[in-house]
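The file query-v6.csv contains CSV, N, CA, C and O atoms:
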```
chain,number,residue,atom,x,y,z
W,400,PRO,N,119.3,111.7,128.3
W,400,PRO,CA,118.0,111.7,128.9
W,400,PRO,C,116.9,112.2,128.0
W,400,PRO,O,115.8,111.7,128.1
W,401,ASP,N,117.2,113.0,127.0
W,401,ASP,CA,116.2,113.5,126.1
W,401,ASP,C,115.7,112.4,125.2
W,401,ASP,O,114.5,112.3,124.9
W,402,ARG,N,116.6,111.5,124.8
W,402,ARG,CA,116.2,110.3,124.0
W,402,ARG,C,115.2,109.4,124.7
W,402,ARG,O,114.3,108.8,124.1
W,403,ALA,N,115.3,109.3,126.0
W,403,ALA,CA,114.4,108.5,126.8
W,403,ALA,C,113.0,109.0,126.7
W,403,ALA,O,112.1,108.2,126.6
W,404,HIS,N,112.8,110.3,126.7
W,404,HIS,CA,111.5,110.9,126.5
W,404,HIS,C,110.9,110.6,125.1
W,404,HIS,O,109.7,110.3,125.0
W,405,TRP,N,111.7,110.7,124.1
W,405,TRP,CA,111.3,110.4,122.7
W,405,TRP,C,110.9,108.9,122.6
W,405,TRP,O,109.9,108.5,122.0
W,406,LYS,N,111.7,108.0,123.2
W,406,LYS,CA,111.4,106.6,123.2
W,406,LYS,C,110.1,106.3,123.9
W,406,LYS,O,109.3,105.5,123.4
W,407,LEU,N,109.9,106.9,125.0
W,407,LEU,CA,108.6,106.7,125.7
W,407,LEU,C,107.4,107.2,124.9
W,407,LEU,O,106.4,106.6,124.8
W,408,ALA,N,107.6,108.3,124.2
W,408,ALA,CA,106.5,108.9,123.3
W,408,ALA,C,106.2,107.9,122.2
W,408,ALA,O,105.1,107.6,121.8
W,409,ALA,N,107.3,107.3,121.6
W,409,ALA,CA,107.1,106.3,120.5
W,409,ALA,C,106.4,105.0,121.0
W,409,ALA,O,105.5,104.5,120.4
W,410,GLU,N,106.8,104.6,122.2
W,410,GLU,CA,106.2,103.4,122.7
W,410,GLU,C,104.8,103.6,123.0
W,410,GLU,O,103.9,102.7,122.8
W,411,LYS,N,104.4,104.7,123.6
W,411,LYS,CA,103.0,105.1,123.9
W,411,LYS,C,102.2,105.1,122.6
W,411,LYS,O,101.1,104.6,122.6
W,412,GLU,N,102.7,105.7,121.5
W,412,GLU,CA,102.0,105.7,120.3
W,412,GLU,C,101.7,104.3,119.7
W,412,GLU,O,100.6,104.0,119.3
W,413,VAL,N,102.7,103.5,119.7
W,413,VAL,CA,102.6,102.1,119.2
W,413,VAL,C,101.5,101.4,120.0
W,413,VAL,O,100.7,100.7,119.5
W,414,GLN,N,101.6,101.5,121.3
W,414,GLN,CA,100.6,100.8,122.2
W,414,GLN,C,99.2,101.3,122.0
W,414,GLN,O,98.3,100.6,121.8
W,415,ASP,N,99.1,102.7,122.2
W,415,ASP,CA,97.7,103.3,122.2
W,415,ASP,C,97.1,103.3,120.8
W,415,ASP,O,95.9,103.0,120.7
W,416,SER,N,97.8,103.6,119.8
W,416,SER,CA,97.2,103.8,118.5
W,416,SER,C,97.3,102.6,117.6
W,416,SER,O,96.6,102.6,116.5
W,417,PHE,N,98.0,101.6,117.9
W,417,PHE,CA,98.1,100.4,117.0
W,417,PHE,C,97.7,99.1,117.7
W,417,PHE,O,96.8,98.5,117.3
W,418,HIS,N,98.4,98.8,118.8
W,418,HIS,CA,98.1,97.5,119.5
W,418,HIS,C,96.7,97.5,120.2
W,418,HIS,O,95.9,96.6,120.0
W,419,LYS,N,96.4,98.5,121.0
W,419,LYS,CA,95.2,98.5,121.7
W,419,LYS,C,94.0,98.6,120.8
W,419,LYS,O,92.9,98.2,121.1
W,420,MET,N,94.1,99.3,119.6
W,420,MET,CA,93.0,99.4,118.7
W,420,MET,C,92.9,98.2,117.8
W,420,MET,O,92.0,98.1,117.0
W,421,GLY,N,93.9,97.3,117.9
W,421,GLY,CA,93.8,96.1,117.0
W,421,GLY,C,94.2,96.4,115.6
W,421,GLY,O,93.9,95.6,114.7
W,422,ALA,N,94.9,97.5,115.4
W,422,ALA,CA,95.3,97.8,114.0
W,422,ALA,C,96.5,97.1,113.5
W,422,ALA,O,96.7,96.9,112.2
W,423,VAL,N,97.3,96.5,114.3
W,423,VAL,CA,98.5,95.7,113.9
W,423,VAL,C,98.5,94.4,114.7
W,423,VAL,O,97.9,94.3,115.7
W,424,SER,N,99.2,93.4,114.1
W,424,SER,CA,99.4,92.2,114.8
W,424,SER,C,100.7,91.6,114.2
W,424,SER,O,101.2,92.0,113.2
W,425,ASP,N,101.2,90.6,115.0
W,425,ASP,CA,102.4,89.9,114.5
W,425,ASP,C,102.0,89.1,113.3
W,425,ASP,O,100.9,88.5,113.2
W,426,THR,N,102.9,89.1,112.3
W,426,THR,CA,102.6,88.4,111.0
W,426,THR,C,103.5,87.2,110.9
W,426,THR,O,104.7,87.3,111.1
W,427,THR,N,102.9,86.1,110.4
W,427,THR,CA,103.7,84.9,110.2
W,427,THR,C,104.3,85.0,108.7
W,427,THR,O,103.7,85.8,107.9
W,428,PRO,N,105.3,84.3,108.4
W,428,PRO,CA,105.9,84.3,107.0
W,428,PRO,C,104.8,83.9,106.0
W,428,PRO,O,104.8,84.5,104.9
W,429,GLU,N,103.9,83.0,106.4
W,429,GLU,CA,102.8,82.6,105.5
W,429,GLU,C,101.9,83.7,105.2
W,429,GLU,O,101.4,83.9,104.0
W,430,GLU,N,101.5,84.5,106.2
W,430,GLU,CA,100.6,85.6,106.0
W,430,GLU,C,101.2,86.7,105.2
W,430,GLU,O,100.6,87.3,104.3
W,431,LEU,N,102.5,86.9,105.4
W,431,LEU,CA,103.2,87.9,104.6
W,431,LEU,C,103.3,87.5,103.2
W,431,LEU,O,103.1,88.3,102.3
W,432,ALA,N,103.5,86.2,102.9
W,432,ALA,CA,103.5,85.8,101.5
W,432,ALA,C,102.2,85.9,100.8
W,432,ALA,O,102.1,86.2,99.7
W,433,ALA,N,101.1,85.7,101.6
W,433,ALA,CA,99.7,85.8,101.1
W,433,ALA,C,99.4,87.2,100.6
W,433,ALA,O,98.5,87.4,99.7
W,434,VAL,N,100.0,88.2,101.1
W,434,VAL,CA,99.7,89.6,100.7
W,434,VAL,C,100.7,90.1,99.7
W,434,VAL,O,100.7,91.3,99.4
W,435,GLY,N,101.6,89.2,99.2
W,435,GLY,CA,102.5,89.7,98.2
W,435,GLY,C,103.9,90.0,98.7
W,435,GLY,O,104.7,90.7,98.1
W,436,GLY,N,104.2,89.4,99.9
W,436,GLY,CA,105.6,89.7,100.5
W,436,GLY,C,105.7,91.1,101.0
W,436,GLY,O,104.7,91.8,101.2
W,437,GLN,N,106.9,91.6,101.0
W,437,GLN,CA,107.2,92.9,101.5
W,437,GLN,C,106.5,94.0,100.7
W,437,GLN,O,106.1,95.1,101.1
W,438,SER,N,106.3,93.7,99.4
W,438,SER,CA,105.6,94.7,98.5
W,438,SER,C,104.2,94.9,98.9
W,438,SER,O,103.6,95.9,98.5
W,439,GLY,N,103.5,94.0,99.6
W,439,GLY,CA,102.2,94.1,100.0
W,439,GLY,C,102.0,94.8,101.3
W,439,GLY,O,100.8,95.0,101.8
W,440,VAL,N,103.1,95.2,101.9
W,440,VAL,CA,103.0,95.9,103.3
W,440,VAL,C,102.9,97.4,103.0
W,440,VAL,O,103.7,98.0,102.2
W,441,LEU,N,102.1,98.1,103.8
W,441,LEU,CA,101.9,99.5,103.6
W,441,LEU,C,103.1,100.2,104.4
W,441,LEU,O,103.4,99.9,105.5
W,442,PRO,N,103.6,101.3,103.7
W,442,PRO,CA,104.7,102.0,104.4
W,442,PRO,C,104.1,102.9,105.5
W,442,PRO,O,102.9,103.1,105.6
W,443,MET,N,105.0,103.3,106.4
W,443,MET,CA,104.6,104.1,107.6
W,443,MET,C,105.7,105.1,107.9
W,443,MET,O,106.9,104.9,107.6
W,444,LYS,N,105.3,106.2,108.5
W,444,LYS,CA,106.3,107.2,108.9
W,444,LYS,C,105.9,107.7,110.3
W,444,LYS,O,104.7,107.6,110.7
W,445,ALA,N,106.9,108.3,111.0
W,445,ALA,CA,106.6,108.8,112.3
W,445,ALA,C,106.7,110.3,112.2
W,445,ALA,O,107.6,110.9,111.6
W,446,VAL,N,105.8,111.0,112.9
W,446,VAL,CA,105.9,112.5,113.0
W,446,VAL,C,106.2,112.8,114.4
W,446,VAL,O,105.5,112.4,115.4
W,447,TRP,N,107.2,113.6,114.7
W,447,TRP,CA,107.7,113.9,116.0
W,447,TRP,C,107.5,115.4,116.3
W,447,TRP,O,107.8,116.2,115.5
W,448,THR,N,106.8,115.7,117.4
W,448,THR,CA,106.5,117.1,117.8
W,448,THR,C,106.8,117.3,119.3
W,448,THR,O,106.8,116.4,120.1
W,449,VAL,N,107.0,118.6,119.6
W,449,VAL,CA,107.2,119.0,121.0
W,449,VAL,C,106.0,119.9,121.3
W,449,VAL,O,105.8,120.9,120.6
W,450,LYS,N,105.1,119.4,122.2
W,450,LYS,CA,103.9,120.1,122.6
W,450,LYS,C,104.2,121.3,123.6
W,450,LYS,O,105.3,121.2,124.2
W,451,PRO,N,103.3,122.2,123.8
W,451,PRO,CA,103.5,123.2,124.8
W,451,PRO,C,103.8,122.6,126.1
W,451,PRO,O,103.2,121.6,126.5
W,452,GLY,N,104.7,123.1,126.8
W,452,GLY,CA,105.1,122.6,128.1
W,452,GLY,C,106.3,121.6,128.0
W,452,GLY,O,106.7,121.0,128.9
W,453,GLY,N,106.8,121.4,126.7
W,453,GLY,CA,107.9,120.5,126.5
W,453,GLY,C,107.5,119.0,126.3
W,453,GLY,O,108.4,118.2,126.2
W,454,LEU,N,106.2,118.7,126.3
W,454,LEU,CA,105.8,117.3,126.1
W,454,LEU,C,106.2,116.8,124.8
W,454,LEU,O,105.9,117.4,123.7
W,455,LYS,N,106.9,115.7,124.7
W,455,LYS,CA,107.3,115.1,123.4
W,455,LYS,C,106.2,114.1,122.9
W,455,LYS,O,105.7,113.3,123.7
W,456,LYS,N,105.9,114.2,121.7
W,456,LYS,CA,104.8,113.4,121.1
W,456,LYS,C,105.3,112.7,119.8
W,456,LYS,O,105.9,113.4,119.0
W,457,CYS,N,104.9,111.5,119.6
W,457,CYS,CA,105.1,110.8,118.4
W,457,CYS,C,103.8,110.3,117.8
W,457,CYS,O,102.9,109.9,118.5
W,458,CYS,N,103.7,110.5,116.5
W,458,CYS,CA,102.4,110.1,115.8
W,458,CYS,C,102.8,109.2,114.7
W,458,CYS,O,103.5,109.6,113.8
W,459,GLY,N,102.4,107.9,114.7
W,459,GLY,CA,102.6,107.0,113.6
W,459,GLY,C,101.6,107.1,112.5
W,459,GLY,O,100.4,107.1,112.8
W,460,CYS,N,102.0,107.3,111.3
W,460,CYS,CA,101.1,107.5,110.2
W,460,CYS,C,101.3,106.4,109.1
W,460,CYS,O,102.4,106.3,108.5
W,461,VAL,N,100.3,105.5,108.9
W,461,VAL,CA,100.4,104.5,107.9
W,461,VAL,C,99.9,105.2,106.6
W,461,VAL,O,98.8,105.8,106.6
W,462,CYS,N,100.6,105.0,105.5
W,462,CYS,CA,100.3,105.6,104.3
W,462,CYS,C,99.2,104.8,103.5
W,462,CYS,O,99.6,103.9,102.7
W,463,GLY,N,98.0,105.0,103.9
W,463,GLY,CA,96.9,104.2,103.3
W,463,GLY,C,96.7,104.5,101.8
W,463,GLY,O,96.0,103.7,101.1
W,464,ASN,N,97.2,105.6,101.3
W,464,ASN,CA,97.1,105.9,99.9
W,464,ASN,C,97.8,104.9,99.0
W,464,ASN,O,97.6,104.8,97.8
W,465,PHE,N,98.7,104.0,99.6
W,465,PHE,CA,99.4,103.0,98.9
W,465,PHE,C,98.6,101.7,98.8
W,465,PHE,O,99.0,100.8,98.2
W,466,ALA,N,97.5,101.6,99.5
W,466,ALA,CA,96.7,100.4,99.6
W,466,ALA,C,95.9,100.2,98.3
W,466,ALA,O,95.4,101.2,97.7
W,467,THR,N,95.9,99.0,97.8
W,467,THR,CA,95.1,98.7,96.6
W,467,THR,C,93.7,98.5,97.0
W,467,THR,O,93.4,97.9,98.1
W,468,LYS,N,92.8,99.0,96.2
W,468,LYS,CA,91.3,98.9,96.5
W,468,LYS,C,90.6,98.1,95.4
W,468,LYS,O,90.9,98.2,94.3
W,469,ASP,N,89.5,97.5,95.9
W,469,ASP,CA,88.7,96.8,94.9
W,469,ASP,C,87.8,97.8,94.2
W,469,ASP,O,87.1,98.6,94.9
W,470,PRO,N,87.9,97.9,92.9
W,470,PRO,CA,87.1,98.9,92.2
W,470,PRO,C,85.6,98.9,92.4
W,470,PRO,O,84.9,99.8,92.2
W,471,THR,N,85.1,97.7,92.9
W,471,THR,CA,83.7,97.6,93.1
W,471,THR,C,83.3,97.9,94.5
W,471,THR,O,82.1,97.9,94.9
W,472,GLU,N,84.3,98.2,95.4
W,472,GLU,CA,84.0,98.5,96.8
W,472,GLU,C,83.3,99.9,96.9
W,472,GLU,O,83.6,100.9,96.2
W,473,GLN,N,82.3,99.9,97.7
W,473,GLN,CA,81.5,101.2,97.9
W,473,GLN,C,82.1,101.9,99.1
W,473,GLN,O,82.4,101.2,100.1
W,474,VAL,N,82.2,103.2,99.1
W,474,VAL,CA,82.8,103.9,100.1
W,474,VAL,C,81.7,104.4,101.0
W,474,VAL,O,80.6,104.9,100.6
```

Exercise: express the given structure as structure tokens:
Amino acid sequence: PDRAHWKLAAEKEVQDSFHKMGAVSDTTPEELAAVGGQSGVLPMKAVWTVKPGGLKKCCGCVCGNFATKDPTEQV
């Protein structure tokens, strides 16, 4: 039963923080090849916490520091 709560927390994070915001999308093999294959994909990790009251929370973190940047890009 405890795993079910963690699964719900992960599904909520994926929906709320990635799909609803338009941050991720399904990728075709052609699109994946255009960014350099698997090496062009940014890594991601999940942070799992238990909030006060026992609420289980999952937070997906994409490692943006691995992204290549255009040196002429202005911040």

- Query: Do you know which residues are at most 4.5 Å from W:Lys456 counting all atoms listed in the file, after dropping those on the same chain fewer than 6 positions away, and could you put them as a ChimeraX atom specification?
  - Reply: /W:446-448

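Rounded to one decimal, atom CA of W:Ser416 and atom C of W:Leu454 lie 17.0 Å from each other.
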
- Task: From a DSSP calculation on the backbone, collect every residue of chain W in helix (DSSP H, G or I) and output the set as number ranges by chain.
- Result: W: 401-418, 428-433, 436-439, 463-465

- Expressed in Å to a single decimal, how great is the separation between atom C of W:Glu472 and atom CA of W:Ser438?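 Value for the atom C of W:Glu472-atom CA of W:Ser438 distance: 23.0 Å.
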
- Message: If I take atom CA of W:Cys458 and atom N of W:Thr426, how far is one from the other in Å, to one decimal?
- Response: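 Computed distance, atom CA of W:Cys458 to atom N of W:Thr426, equals 21.3 Å.
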
- Which residue out of W:His418, W:Lys455, W:Lys444, W:Lys450 has the minimum interatomic distance to W:Ala403 when only C-alpha atoms are used? W:Lys455

- Can you list, as a VMD selection string, every protein, DNA or RNA residue that comes within 7 Å of W:Ala466 when you count only N, CA, C and O atoms, leaving out same-chain residues fewer than 3 positions away? chain W and resid 441 462 to 463

Write the selection just made, keeping N, CA, C and O atoms, as a CSV table (one decimal), keeping the file's coordinate frame?
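What ended up in again-v6.csv:
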```csv
chain,number,residue,atom,x,y,z
W,441,LEU,N,102.1,98.1,103.8
W,441,LEU,CA,101.9,99.5,103.6
W,441,LEU,C,103.1,100.2,104.4
W,441,LEU,O,103.4,99.9,105.5
W,462,CYS,N,100.6,105.0,105.5
W,462,CYS,CA,100.3,105.6,104.3
W,462,CYS,C,99.2,104.8,103.5
W,462,CYS,O,99.6,103.9,102.7
W,463,GLY,N,98.0,105.0,103.9
W,463,GLY,CA,96.9,104.2,103.3
W,463,GLY,C,96.7,104.5,101.8
W,463,GLY,O,96.0,103.7,101.1
```

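Minimum atom-to-atom distances from W:Cys457, W:Met443, W:Ala433, W:Val449 to W:Lys406 were compared using only C-alpha atoms, and the lowest value belongs to W:Cys457.
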
- Task: Give the strand (DSSP E) residues of chain W, as DSSP finds them on the backbone, and put them as a ChimeraX atom specification.
- Result: /W:443-449,455-461
